[in-house]
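**Q** Quick one: structure below, then a few questions.
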2 protein chains.
Amino acid sequence: MSQSKNAIENYLDMLNKDKISQEFKSLQDDICQQLETADGASFHEDKWERSGGGGGRTRIIQGKHIEKGGVNFSAVEGELPDKILKALNVEKSNFFATGVSIVLHSQNPFVPIIHMNVRYFEMDNGTWWFGGGIDLTPHYINPEEAAFFHQSLKNTCDKHHEDYYPKFKQWADDYFFIRHRKETRGIGGIFFDRLSGNDGFTKEDRFDFVMDVGNTFCPIYLELLKNNMDKPFSEKNKDWQYLRRGRYVEFNLVWDKGTKFGLDTDGRTESILMSLPSTANWVYNHKVVPNSHEEYTLNHLKKGIDWISYIE
Amino acid sequence: MSQSKNAIENYLDMLNKDKISQEFKSLQDDICQQLETADGASFHEDKWERSGGGGGRTRIIQGKHIEKGGVNFSAVEGELPDKILKALNVEKSNFFATGVSIVLHSQNPFVPIIHMNVRYFEMDNGTWWFGGGIDLTPHYINPEEAAFFHQSLKNTCDKHHEDYYPKFKQWADDYFFIRHRKETRGIGGIFFDRLSGNDGFTKEDRFDFVMDVGNTFCPIYLELLKNNMDKPFSEKNKDWQYLRRGRYVEFNLVWDKGTKFGLDTDGRTESILMSLPSTANWVYNHKVVPNSHEEYTLNHLKKGIDWISYIE
């Protein structure tokens, strides 16, 4: 048999938008399967289509341990809306965008809220980039788990470039900041955007990194879930969880660029707002009890903490 | 005794910023007193100062019937922040702004959420205007009460100008619109801004109107409270209330210009976000039961309904 490939086979080998969205779809499948095994509950799927082109698969779980979670895949294309053209400062262009987005809210207040996103964007002028990240919002900060979380992200980053972790860690600190509260959303993680074919990186390099981030999600989350999901908790713990979820809502609706962009450009509202918790509370001028775990948490919602080597 | 007034007495008679803020303060006092009498609970007051100049009195009630409510007064002054200069398209200027803002969330789902605001703004170049309004967000729309509400607003408006009600009613429909849900926040009311000394109106005319709006608040709300606060309700009614509050949160954090402006310009966060409810829920892709009161409500969260003469 000939070793040479035909045109179709060559195309299928290339790292193009079809291949990337196919891999993201498989990532969604894989993550959903692992979460279903861990929780015991099943995802509900809604397939949707975008009037301008493309669509997605929104998957929602309302489980025993994961109170409300979404694992979304989308691949959309068409003409870039005017608002985006303006924001990107480009002329009329067609685009393609695909990604996987995850937010999981837990029943147990000692299980943190987790968020993961990987995304790819290209325009028909040849411009392309990847973005994404993973960040953690514990209702109660546990420094050992924070170290485990950041070390896991650093391990993934270090396989690709030594600058990735420090740079993307700082980016997450700056991005996931609730300005009007002067506190970070949680203990950060990594955040990156517009990773393109520069600084000696190829498209394959960037893609491999982004897929590695995606595949780091389950080992991290399942460990944090397993360690905490059966811990006993009080009504006071639950109240604090609801308050911290209120802050999560504030960040997502006031400051998160992705959410605002989606709502502003007529995205599918139910898929965008799957990130909101089942229940959130607001208490006027809430104060934490001195020397409590709540106070410890609040005092550590700060930028620039080196969690990996954090010792008090 | 001489009937002529001295300079100080003349100054005190003039409709200047001191007089306006004094009247707004009295309005706050009066409304708080009436709400305390109706609910039985007392307001908690926080006085605060703004680093750039001025301050306010935030008053919060957590009562038997009013689950969480805020009646805020503020009078702030100083140099206009760059963001506001840009938004107003003016040169460097000093400003003075005073107002009363109210949001009340009820325990009973059949008592609507109500919002009222009166405000005055001036710059040292002589520019001034009034703004404000009252709007209602019933968890369950009751057309008779909607008619009563709008008729009360129309009565107040008609005393000042026949164009006021239709114009300000439409303005409220357009303003209190949750774009990403394609639904209005509630049944509207009146909304107005930048009422200045034009179209034959004097400053006194505008002030009298705005104070009349402020004084319309209690007769309206106390009637709606009294009629509904003791109605029996089910868990299902409560769940729907929490969902509708979720929409209220979405409007305030995503679309409300006042909230965004306050958070963006380092206003006092706890005073701005007193508008958020104690508890709000989100359910993925919630659907109302056909022919239910919930469906009726959802179908009537539309612009342009003439509630005064609304008959099905």
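Going by the structure tokens order, chains are called A, B, ..., each with residues numbered from 1, while ligands are numbered from 1 in the order shown.
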If we count only C-alpha atoms, which residues of chain A reach to within 8 Å of chain B? Please list them as a PDB file with all heavy atoms, in the first residue's frame.
**A**
```pdb
ATOM      1  N   ILE A  60     -26.393  20.526  31.102  1.00  0.00           N
ATOM      2  CA  ILE A  60     -26.622  20.982  32.474  1.00  0.00           C
ATOM      3  C   ILE A  60     -26.766  19.779  33.392  1.00  0.00           C
ATOM      4  O   ILE A  60     -27.460  18.822  33.042  1.00  0.00           O
ATOM      5  CB  ILE A  60     -27.920  21.829  32.535  1.00  0.00           C
ATOM      6  CG1 ILE A  60     -27.840  23.033  31.579  1.00  0.00           C
ATOM      7  CG2 ILE A  60     -28.214  22.280  33.965  1.00  0.00           C
ATOM      8  CD1 ILE A  60     -26.824  24.079  31.943  1.00  0.00           C
ATOM      9  N   HIS A 180     -15.684  46.588  42.553  1.00  0.00           N
ATOM     10  CA  HIS A 180     -16.492  47.360  43.511  1.00  0.00           C
ATOM     11  C   HIS A 180     -16.449  46.766  44.913  1.00  0.00           C
ATOM     12  O   HIS A 180     -16.914  47.398  45.859  1.00  0.00           O
ATOM     13  CB  HIS A 180     -17.932  47.522  43.006  1.00  0.00           C
ATOM     14  CG  HIS A 180     -18.657  46.222  42.838  1.00  0.00           C
ATOM     15  ND1 HIS A 180     -18.575  45.447  41.703  1.00  0.00           N
ATOM     16  CD2 HIS A 180     -19.479  45.545  43.660  1.00  0.00           C
ATOM     17  CE1 HIS A 180     -19.316  44.370  41.839  1.00  0.00           C
ATOM     18  NE2 HIS A 180     -19.881  44.402  43.022  1.00  0.00           N
ATOM     19  N   ARG A 181     -15.914  45.546  45.057  1.00  0.00           N
ATOM     20  CA  ARG A 181     -15.753  44.940  46.384  1.00  0.00           C
ATOM     21  C   ARG A 181     -14.281  44.979  46.815  1.00  0.00           C
ATOM     22  O   ARG A 181     -13.968  44.587  47.948  1.00  0.00           O
ATOM     23  CB  ARG A 181     -16.213  43.479  46.372  1.00  0.00           C
ATOM     24  CG  ARG A 181     -17.679  43.268  46.043  1.00  0.00           C
ATOM     25  CD  ARG A 181     -18.549  43.654  47.210  1.00  0.00           C
ATOM     26  NE  ARG A 181     -19.958  43.372  46.921  1.00  0.00           N
ATOM     27  CZ  ARG A 181     -20.936  43.693  47.768  1.00  0.00           C
ATOM     28  NH1 ARG A 181     -20.678  44.304  48.910  1.00  0.00           N
ATOM     29  NH2 ARG A 181     -22.190  43.440  47.461  1.00  0.00           N
ATOM     30  N   GLU A 250     -22.325  38.909  41.090  1.00  0.00           N
ATOM     31  CA  GLU A 250     -21.897  40.288  40.834  1.00  0.00           C
ATOM     32  C   GLU A 250     -20.756  40.323  39.826  1.00  0.00           C
ATOM     33  O   GLU A 250     -20.770  41.114  38.877  1.00  0.00           O
ATOM     34  CB  GLU A 250     -21.452  40.965  42.137  1.00  0.00           C
ATOM     35  CG  GLU A 250     -22.601  41.269  43.080  1.00  0.00           C
ATOM     36  CD  GLU A 250     -22.138  41.888  44.405  1.00  0.00           C
ATOM     37  OE1 GLU A 250     -21.045  42.484  44.457  1.00  0.00           O
ATOM     38  OE2 GLU A 250     -22.881  41.763  45.401  1.00  0.00           O
ATOM     39  N   LEU A 253     -22.076  39.273  36.221  1.00  0.00           N
ATOM     40  CA  LEU A 253     -23.004  40.192  35.547  1.00  0.00           C
ATOM     41  C   LEU A 253     -22.422  41.601  35.386  1.00  0.00           C
ATOM     42  O   LEU A 253     -22.777  42.301  34.445  1.00  0.00           O
ATOM     43  CB  LEU A 253     -24.345  40.243  36.292  1.00  0.00           C
ATOM     44  CG  LEU A 253     -25.130  38.926  36.333  1.00  0.00           C
ATOM     45  CD1 LEU A 253     -26.490  39.130  36.993  1.00  0.00           C
ATOM     46  CD2 LEU A 253     -25.335  38.338  34.934  1.00  0.00           C
ATOM     47  N   VAL A 254     -21.546  42.012  36.297  1.00  0.00           N
ATOM     48  CA  VAL A 254     -21.021  43.388  36.197  1.00  0.00           C
ATOM     49  C   VAL A 254     -19.702  43.448  35.433  1.00  0.00           C
ATOM     50  O   VAL A 254     -19.504  44.336  34.618  1.00  0.00           O
ATOM     51  CB  VAL A 254     -20.837  44.030  37.594  1.00  0.00           C
ATOM     52  CG1 VAL A 254     -20.257  45.446  37.478  1.00  0.00           C
ATOM     53  CG2 VAL A 254     -22.158  44.063  38.348  1.00  0.00           C
ATOM     54  N   LYS A 260     -20.940  39.721  29.338  1.00  0.00           N
ATOM     55  CA  LYS A 260     -21.497  40.961  28.807  1.00  0.00           C
ATOM     56  C   LYS A 260     -21.562  40.920  27.275  1.00  0.00           C
ATOM     57  O   LYS A 260     -22.548  41.327  26.667  1.00  0.00           O
ATOM     58  CB  LYS A 260     -20.649  42.156  29.250  1.00  0.00           C
ATOM     59  CG  LYS A 260     -20.756  42.426  30.732  1.00  0.00           C
ATOM     60  CD  LYS A 260     -19.837  43.548  31.159  1.00  0.00           C
ATOM     61  CE  LYS A 260     -20.352  44.887  30.720  1.00  0.00           C
ATOM     62  NZ  LYS A 260     -21.632  45.233  31.376  1.00  0.00           N
ATOM     63  N   LEU A 263     -24.395  38.626  26.136  1.00  0.00           N
ATOM     64  CA  LEU A 263     -25.725  39.214  26.334  1.00  0.00           C
ATOM     65  C   LEU A 263     -25.943  40.390  25.382  1.00  0.00           C
ATOM     66  O   LEU A 263     -27.050  40.627  24.913  1.00  0.00           O
ATOM     67  CB  LEU A 263     -25.899  39.670  27.780  1.00  0.00           C
ATOM     68  CG  LEU A 263     -25.835  38.565  28.850  1.00  0.00           C
ATOM     69  CD1 LEU A 263     -26.022  39.152  30.236  1.00  0.00           C
ATOM     70  CD2 LEU A 263     -26.896  37.489  28.583  1.00  0.00           C
ATOM     71  N   ASP A 264     -24.852  41.101  25.120  1.00  0.00           N
ATOM     72  CA  ASP A 264     -24.901  42.283  24.263  1.00  0.00           C
ATOM     73  C   ASP A 264     -25.089  41.934  22.798  1.00  0.00           C
ATOM     74  O   ASP A 264     -25.586  42.746  22.018  1.00  0.00           O
ATOM     75  CB  ASP A 264     -23.565  43.028  24.406  1.00  0.00           C
ATOM     76  CG  ASP A 264     -23.771  44.463  24.817  1.00  0.00           C
ATOM     77  OD1 ASP A 264     -24.866  44.781  25.303  1.00  0.00           O
ATOM     78  OD2 ASP A 264     -22.837  45.260  24.658  1.00  0.00           O
ATOM     79  N   ASP A 266     -26.728  39.226  21.609  1.00  0.00           N
ATOM     80  CA  ASP A 266     -27.829  38.289  21.403  1.00  0.00           C
ATOM     81  C   ASP A 266     -27.396  36.834  21.354  1.00  0.00           C
ATOM     82  O   ASP A 266     -27.885  36.058  20.528  1.00  0.00           O
ATOM     83  CB  ASP A 266     -28.612  38.659  20.133  1.00  0.00           C
ATOM     84  CG  ASP A 266     -29.314  39.992  20.307  1.00  0.00           C
ATOM     85  OD1 ASP A 266     -29.833  40.236  21.408  1.00  0.00           O
ATOM     86  OD2 ASP A 266     -29.326  40.797  19.349  1.00  0.00           O
ATOM     87  N   THR A 269     -29.156  33.238  25.848  1.00  0.00           N
ATOM     88  CA  THR A 269     -29.133  33.681  27.248  1.00  0.00           C
ATOM     89  C   THR A 269     -29.017  32.518  28.221  1.00  0.00           C
ATOM     90  O   THR A 269     -28.212  32.555  29.155  1.00  0.00           O
ATOM     91  CB  THR A 269     -30.397  34.513  27.552  1.00  0.00           C
ATOM     92  OG1 THR A 269     -30.315  35.722  26.780  1.00  0.00           O
ATOM     93  CG2 THR A 269     -30.494  34.878  29.024  1.00  0.00           C
ATOM     94  N   GLU A 270     -29.794  31.465  28.021  1.00  0.00           N
ATOM     95  CA  GLU A 270     -29.776  30.349  28.980  1.00  0.00           C
ATOM     96  C   GLU A 270     -28.423  29.640  29.011  1.00  0.00           C
ATOM     97  O   GLU A 270     -28.036  29.102  30.058  1.00  0.00           O
ATOM     98  CB  GLU A 270     -30.901  29.365  28.690  1.00  0.00           C
ATOM     99  CG  GLU A 270     -32.294  29.877  29.081  1.00  0.00           C
ATOM    100  CD  GLU A 270     -32.451  30.119  30.588  1.00  0.00           C
ATOM    101  OE1 GLU A 270     -31.726  29.507  31.371  1.00  0.00           O
ATOM    102  OE2 GLU A 270     -33.297  30.952  30.966  1.00  0.00           O
ATOM    103  N   MET A 274     -25.964  29.999  32.428  1.00  0.00           N
ATOM    104  CA  MET A 274     -25.874  28.732  33.175  1.00  0.00           C
ATOM    105  C   MET A 274     -24.831  28.890  34.286  1.00  0.00           C
ATOM    106  O   MET A 274     -24.803  28.112  35.236  1.00  0.00           O
ATOM    107  CB  MET A 274     -25.519  27.571  32.238  1.00  0.00           C
ATOM    108  CG  MET A 274     -24.136  27.649  31.611  1.00  0.00           C
ATOM    109  SD  MET A 274     -22.813  26.939  32.655  1.00  0.00           S
ATOM    110  CE  MET A 274     -21.341  27.362  31.717  1.00  0.00           C
ATOM    111  N   LEU A 276     -24.760  31.063  36.543  1.00  0.00           N
ATOM    112  CA  LEU A 276     -25.332  31.583  37.790  1.00  0.00           C
ATOM    113  C   LEU A 276     -25.798  30.437  38.690  1.00  0.00           C
ATOM    114  O   LEU A 276     -26.272  29.420  38.207  1.00  0.00           O
ATOM    115  CB  LEU A 276     -26.495  32.538  37.474  1.00  0.00           C
ATOM    116  CG  LEU A 276     -26.103  33.728  36.577  1.00  0.00           C
ATOM    117  CD1 LEU A 276     -27.297  34.638  36.357  1.00  0.00           C
ATOM    118  CD2 LEU A 276     -24.935  34.505  37.167  1.00  0.00           C
ATOM    119  N   PRO A 277     -25.667  30.601  39.995  1.00  0.00           N
ATOM    120  CA  PRO A 277     -26.011  29.528  40.935  1.00  0.00           C
ATOM    121  C   PRO A 277     -27.520  29.381  41.092  1.00  0.00           C
ATOM    122  O   PRO A 277     -28.280  30.271  40.722  1.00  0.00           O
ATOM    123  CB  PRO A 277     -25.391  30.019  42.240  1.00  0.00           C
ATOM    124  CG  PRO A 277     -25.425  31.511  42.134  1.00  0.00           C
ATOM    125  CD  PRO A 277     -25.191  31.811  40.682  1.00  0.00           C
ATOM    126  N   SER A 278     -27.961  28.256  41.654  1.00  0.00           N
ATOM    127  CA  SER A 278     -29.390  28.050  41.934  1.00  0.00           C
ATOM    128  C   SER A 278     -29.912  29.121  42.873  1.00  0.00           C
ATOM    129  O   SER A 278     -30.981  29.668  42.671  1.00  0.00           O
ATOM    130  CB  SER A 278     -29.630  26.700  42.613  1.00  0.00           C
ATOM    131  OG  SER A 278     -29.045  25.682  41.883  1.00  0.00           O
ATOM    132  N   THR A 279     -29.139  29.387  43.917  1.00  0.00           N
ATOM    133  CA  THR A 279     -29.556  30.333  44.948  1.00  0.00           C
ATOM    134  C   THR A 279     -28.383  31.210  45.353  1.00  0.00           C
ATOM    135  O   THR A 279     -27.275  30.710  45.538  1.00  0.00           O
ATOM    136  CB  THR A 279     -30.036  29.570  46.209  1.00  0.00           C
ATOM    137  OG1 THR A 279     -31.145  28.750  45.855  1.00  0.00           O
ATOM    138  CG2 THR A 279     -30.463  30.521  47.319  1.00  0.00           C
ATOM    139  N   ALA A 280     -28.652  32.514  45.459  1.00  0.00           N
ATOM    140  CA  ALA A 280     -27.626  33.434  45.962  1.00  0.00           C
ATOM    141  C   ALA A 280     -28.292  34.396  46.931  1.00  0.00           C
ATOM    142  O   ALA A 280     -29.475  34.694  46.797  1.00  0.00           O
ATOM    143  CB  ALA A 280     -26.991  34.208  44.817  1.00  0.00           C
ATOM    144  N   ASN A 281     -27.532  34.837  47.920  1.00  0.00           N
ATOM    145  CA  ASN A 281     -28.072  35.767  48.925  1.00  0.00           C
ATOM    146  C   ASN A 281     -27.287  37.078  48.958  1.00  0.00           C
ATOM    147  O   ASN A 281     -26.096  37.114  48.634  1.00  0.00           O
ATOM    148  CB  ASN A 281     -27.974  35.144  50.331  1.00  0.00           C
ATOM    149  CG  ASN A 281     -29.031  34.078  50.563  1.00  0.00           C
ATOM    150  OD1 ASN A 281     -29.794  33.742  49.660  1.00  0.00           O
ATOM    151  ND2 ASN A 281     -29.058  33.544  51.762  1.00  0.00           N
ATOM    152  N   TRP A 282     -28.002  38.116  49.391  1.00  0.00           N
ATOM    153  CA  TRP A 282     -27.348  39.392  49.684  1.00  0.00           C
ATOM    154  C   TRP A 282     -27.792  39.874  51.064  1.00  0.00           C
ATOM    155  O   TRP A 282     -28.994  39.873  51.363  1.00  0.00           O
ATOM    156  CB  TRP A 282     -27.718  40.450  48.639  1.00  0.00           C
ATOM    157  CG  TRP A 282     -26.955  40.291  47.374  1.00  0.00           C
ATOM    158  CD1 TRP A 282     -25.760  40.880  47.045  1.00  0.00           C
ATOM    159  CD2 TRP A 282     -27.318  39.489  46.223  1.00  0.00           C
ATOM    160  NE1 TRP A 282     -25.353  40.470  45.787  1.00  0.00           N
ATOM    161  CE2 TRP A 282     -26.279  39.623  45.264  1.00  0.00           C
ATOM    162  CE3 TRP A 282     -28.395  38.652  45.928  1.00  0.00           C
ATOM    163  CZ2 TRP A 282     -26.313  38.962  44.034  1.00  0.00           C
ATOM    164  CZ3 TRP A 282     -28.420  37.993  44.710  1.00  0.00           C
ATOM    165  CH2 TRP A 282     -27.393  38.157  43.776  1.00  0.00           C
ATOM    166  N   VAL A 283     -26.818  40.241  51.887  1.00  0.00           N
ATOM    167  CA  VAL A 283     -27.088  40.795  53.211  1.00  0.00           C
ATOM    168  C   VAL A 283     -26.436  42.168  53.251  1.00  0.00           C
ATOM    169  O   VAL A 283     -25.247  42.294  52.922  1.00  0.00           O
ATOM    170  CB  VAL A 283     -26.492  39.900  54.324  1.00  0.00           C
ATOM    171  CG1 VAL A 283     -26.604  40.572  55.681  1.00  0.00           C
ATOM    172  CG2 VAL A 283     -27.187  38.539  54.337  1.00  0.00           C
ATOM    173  N   TYR A 284     -27.219  43.183  53.619  1.00  0.00           N
ATOM    174  CA  TYR A 284     -26.650  44.536  53.670  1.00  0.00           C
ATOM    175  C   TYR A 284     -25.470  44.594  54.639  1.00  0.00           C
ATOM    176  O   TYR A 284     -25.586  44.171  55.788  1.00  0.00           O
ATOM    177  CB  TYR A 284     -27.723  45.547  54.083  1.00  0.00           C
ATOM    178  CG  TYR A 284     -27.152  46.939  54.322  1.00  0.00           C
ATOM    179  CD1 TYR A 284     -26.759  47.736  53.254  1.00  0.00           C
ATOM    180  CD2 TYR A 284     -26.956  47.417  55.616  1.00  0.00           C
ATOM    181  CE1 TYR A 284     -26.206  48.982  53.472  1.00  0.00           C
ATOM    182  CE2 TYR A 284     -26.410  48.661  55.840  1.00  0.00           C
ATOM    183  CZ  TYR A 284     -26.031  49.452  54.757  1.00  0.00           C
ATOM    184  OH  TYR A 284     -25.472  50.679  54.979  1.00  0.00           O
ATOM    185  N   ASN A 285     -24.344  45.095  54.138  1.00  0.00           N
ATOM    186  CA  ASN A 285     -23.172  45.389  54.970  1.00  0.00           C
ATOM    187  C   ASN A 285     -22.747  44.206  55.845  1.00  0.00           C
ATOM    188  O   ASN A 285     -22.438  44.384  57.038  1.00  0.00           O
ATOM    189  CB  ASN A 285     -23.498  46.603  55.859  1.00  0.00           C
ATOM    190  CG  ASN A 285     -22.293  47.530  55.975  1.00  0.00           C
ATOM    191  OD1 ASN A 285     -21.293  47.382  55.262  1.00  0.00           O
ATOM    192  ND2 ASN A 285     -22.371  48.484  56.882  1.00  0.00           N
TER     193      ASN A 285
END
```
**Q** Find the spatial neighbours of A:Ile187, counting only C-alpha atoms, within a cut-off of 7 Å - ignore same-chain residues fewer than 3 positions away - and output them as JSON, numbers by chain.
**A** {"A": [136, 137, 301]}
**Q** Using only C-alpha atoms, can you tell me which of A:Gly200, A:Gly40, A:Gly189, A:Pro232 comes closest to A:Lys169?
**A**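 Residue with the minimum atom-to-atom distance to A:Lys169: A:Gly189.
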**Q** Quick check for you: according to DSSP on this backbone, which residues of stretch 25-159 of chain A are classed as strand (DSSP E)? Reply as a PyMOL selection string.
**A** chain A and resi 44-49+54-61+66-79+94-106+113-123+128-137
**Q** Write out as a ChimeraX atom specification each polymer residue whose atoms come within 7 Å of B:Phe121, counting only C-alpha atoms; drop sequence neighbours fewer than 6 positions from it.
**A** /B:96-98,128-130
**Q** Can those selected residues be exported to a file as a CSV table (one decimal), in the first residue's frame so that it contains N, CA and C atoms?
**A**
```
chain,number,residue,atom,x,y,z
B,96,PHE,N,-22.8,69.1,41.9
B,96,PHE,CA,-23.5,68.8,43.1
B,96,PHE,C,-24.6,67.8,42.7
B,97,ALA,N,-24.8,66.8,43.4
B,97,ALA,CA,-25.9,65.8,43.1
B,97,ALA,C,-26.6,65.4,44.4
B,98,THR,N,-27.9,65.4,44.4
B,98,THR,CA,-28.6,64.9,45.6
B,98,THR,C,-29.8,64.1,45.1
B,128,TRP,N,-28.4,72.5,35.2
B,128,TRP,CA,-29.0,71.7,36.2
B,128,TRP,C,-30.1,70.9,35.6
B,129,TRP,N,-30.5,69.8,36.2
B,129,TRP,CA,-31.6,69.0,35.9
B,129,TRP,C,-32.1,68.1,37.0
B,130,PHE,N,-33.4,67.7,36.8
B,130,PHE,CA,-34.0,66.8,37.7
B,130,PHE,C,-34.3,65.5,37.0
```
**Q** I need the residue nearest B:Asn227 from this list: B:Glu79, B:Gly133, B:Glu23, B:Asn142. Use only C-alpha atoms for the distance.
**A**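 Nearest to B:Asn227: B:Asn142.
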**Q** What does the distance between atom CA of A:Ser93 and atom CA of A:Ser51 come to in Å, to one decimal place?
**A**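 Pair atom CA of A:Ser93 / atom CA of A:Ser51 returns 17.1 Å.
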**Q** Mind checking DSSP for stretch 55-275 of chain A and telling me the helix (DSSP H, G or I) residues as a count of residues only?
**A** 100
**Q** Between B:Asp256, B:Glu36, B:Glu91, B:Asp173, which is the closest to B:Val71 once you count only C-alpha atoms?
**A**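 Closest residue, counting only C-alpha atoms: B:Glu36.
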**Q** Might you pull out every residue within 8 Å of B:Asn228, with only C-alpha atoms counted and same-chain residues fewer than 6 positions away left off, and present them as a PDB file with C-alpha atoms, in the first residue's frame?
**A**
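Listed below is the output, out-v1.pdb:
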```
ATOM      1  CA  ASN B 108     -45.107  37.972  50.541  1.00  0.00           C
ATOM      2  CA  PHE B 110     -48.080  38.907  46.122  1.00  0.00           C
ATOM      3  CA  VAL B 111     -46.605  42.222  47.242  1.00  0.00           C
TER       4      VAL B 111
END
```
**Q** With only C-alpha atoms as the atoms that count, which of B:His160, B:Lys236, B:His300, B:Lys231 lies nearest to B:Asp212?
**A**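 Between B:His160, B:Lys236, B:His300, B:Lys231, the residue approaching B:Asp212 most closely is B:His160.
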**Q** Tell me, as a list in words, which residues lie within 10 Å of B:Glu204, counting only C-alpha atoms; anything in the same chain fewer than 5 positions away does not count.
**A** Met14, Leu15, Gly197, Phe209 and Val210 of chain B
**Q** Mind giving me the straight-line distance from atom CA of B:Pro109 to atom CA of B:Gly186 in Å, one decimal?
**A**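 Computing it gives 13.8 Å between the two atoms.
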**Q** Grab the atom CA of B:Met123 to atom CA of B:Ser26 distance for me, in Å with one decimal place.
**A** 23.5 Å
**Q** Quick one: residues within 10 Å of A:His150, only C-alpha atoms counted, chain neighbours fewer than 6 positions away excluded, as a PyMOL selection string?
**A** chain A and resi 134-136+156+165+169+187-190+220+306-309
**Q** Could you write out the selected residues, including C-alpha atoms, as a short mmCIF file (atom, residue, chain, number, x, y, z; two decimals), in the first residue's frame?
**A**
```cif
data_model
loop_
_atom_site.label_atom_id
_atom_site.label_comp_id
_atom_site.auth_asym_id
_atom_site.auth_seq_id
_atom_site.Cartn_x
_atom_site.Cartn_y
_atom_site.Cartn_z
CA ILE A 134 -9.19 27.56 34.89
CA ASP A 135 -9.95 29.42 38.10
CA LEU A 136 -11.23 28.39 41.51
CA THR A 156 0.50 21.75 32.96
CA TYR A 165 2.28 29.89 34.67
CA LYS A 169 -1.53 33.36 36.99
CA ILE A 187 -8.00 32.23 44.54
CA GLY A 188 -7.46 32.79 40.81
CA GLY A 189 -5.78 30.20 38.62
CA ILE A 190 -4.70 30.82 35.05
CA ILE A 220 -8.21 18.84 39.67
CA ASP A 306 1.85 32.78 45.74
CA TRP A 307 -0.38 29.86 46.77
CA ILE A 308 2.11 27.17 45.77
CA SER A 309 4.59 28.18 48.46
#
```
**Q** Between A:Gly53, A:Gly214, A:Gly78, A:Pro143, single out the one closest to A:Asp30, counting only C-alpha atoms.
**A**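 Going through A:Gly53, A:Gly214, A:Gly78, A:Pro143 one by one, the smallest distance to A:Asp30 is for A:Gly214.
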**Q** Name all residues at most 8 Å from A:Trp171 (count only C-alpha atoms; drop same-chain ones fewer than 4 positions away) and give them as JSON, numbers by chain.
**A** {"A": [167, 175, 190, 191, 192]}
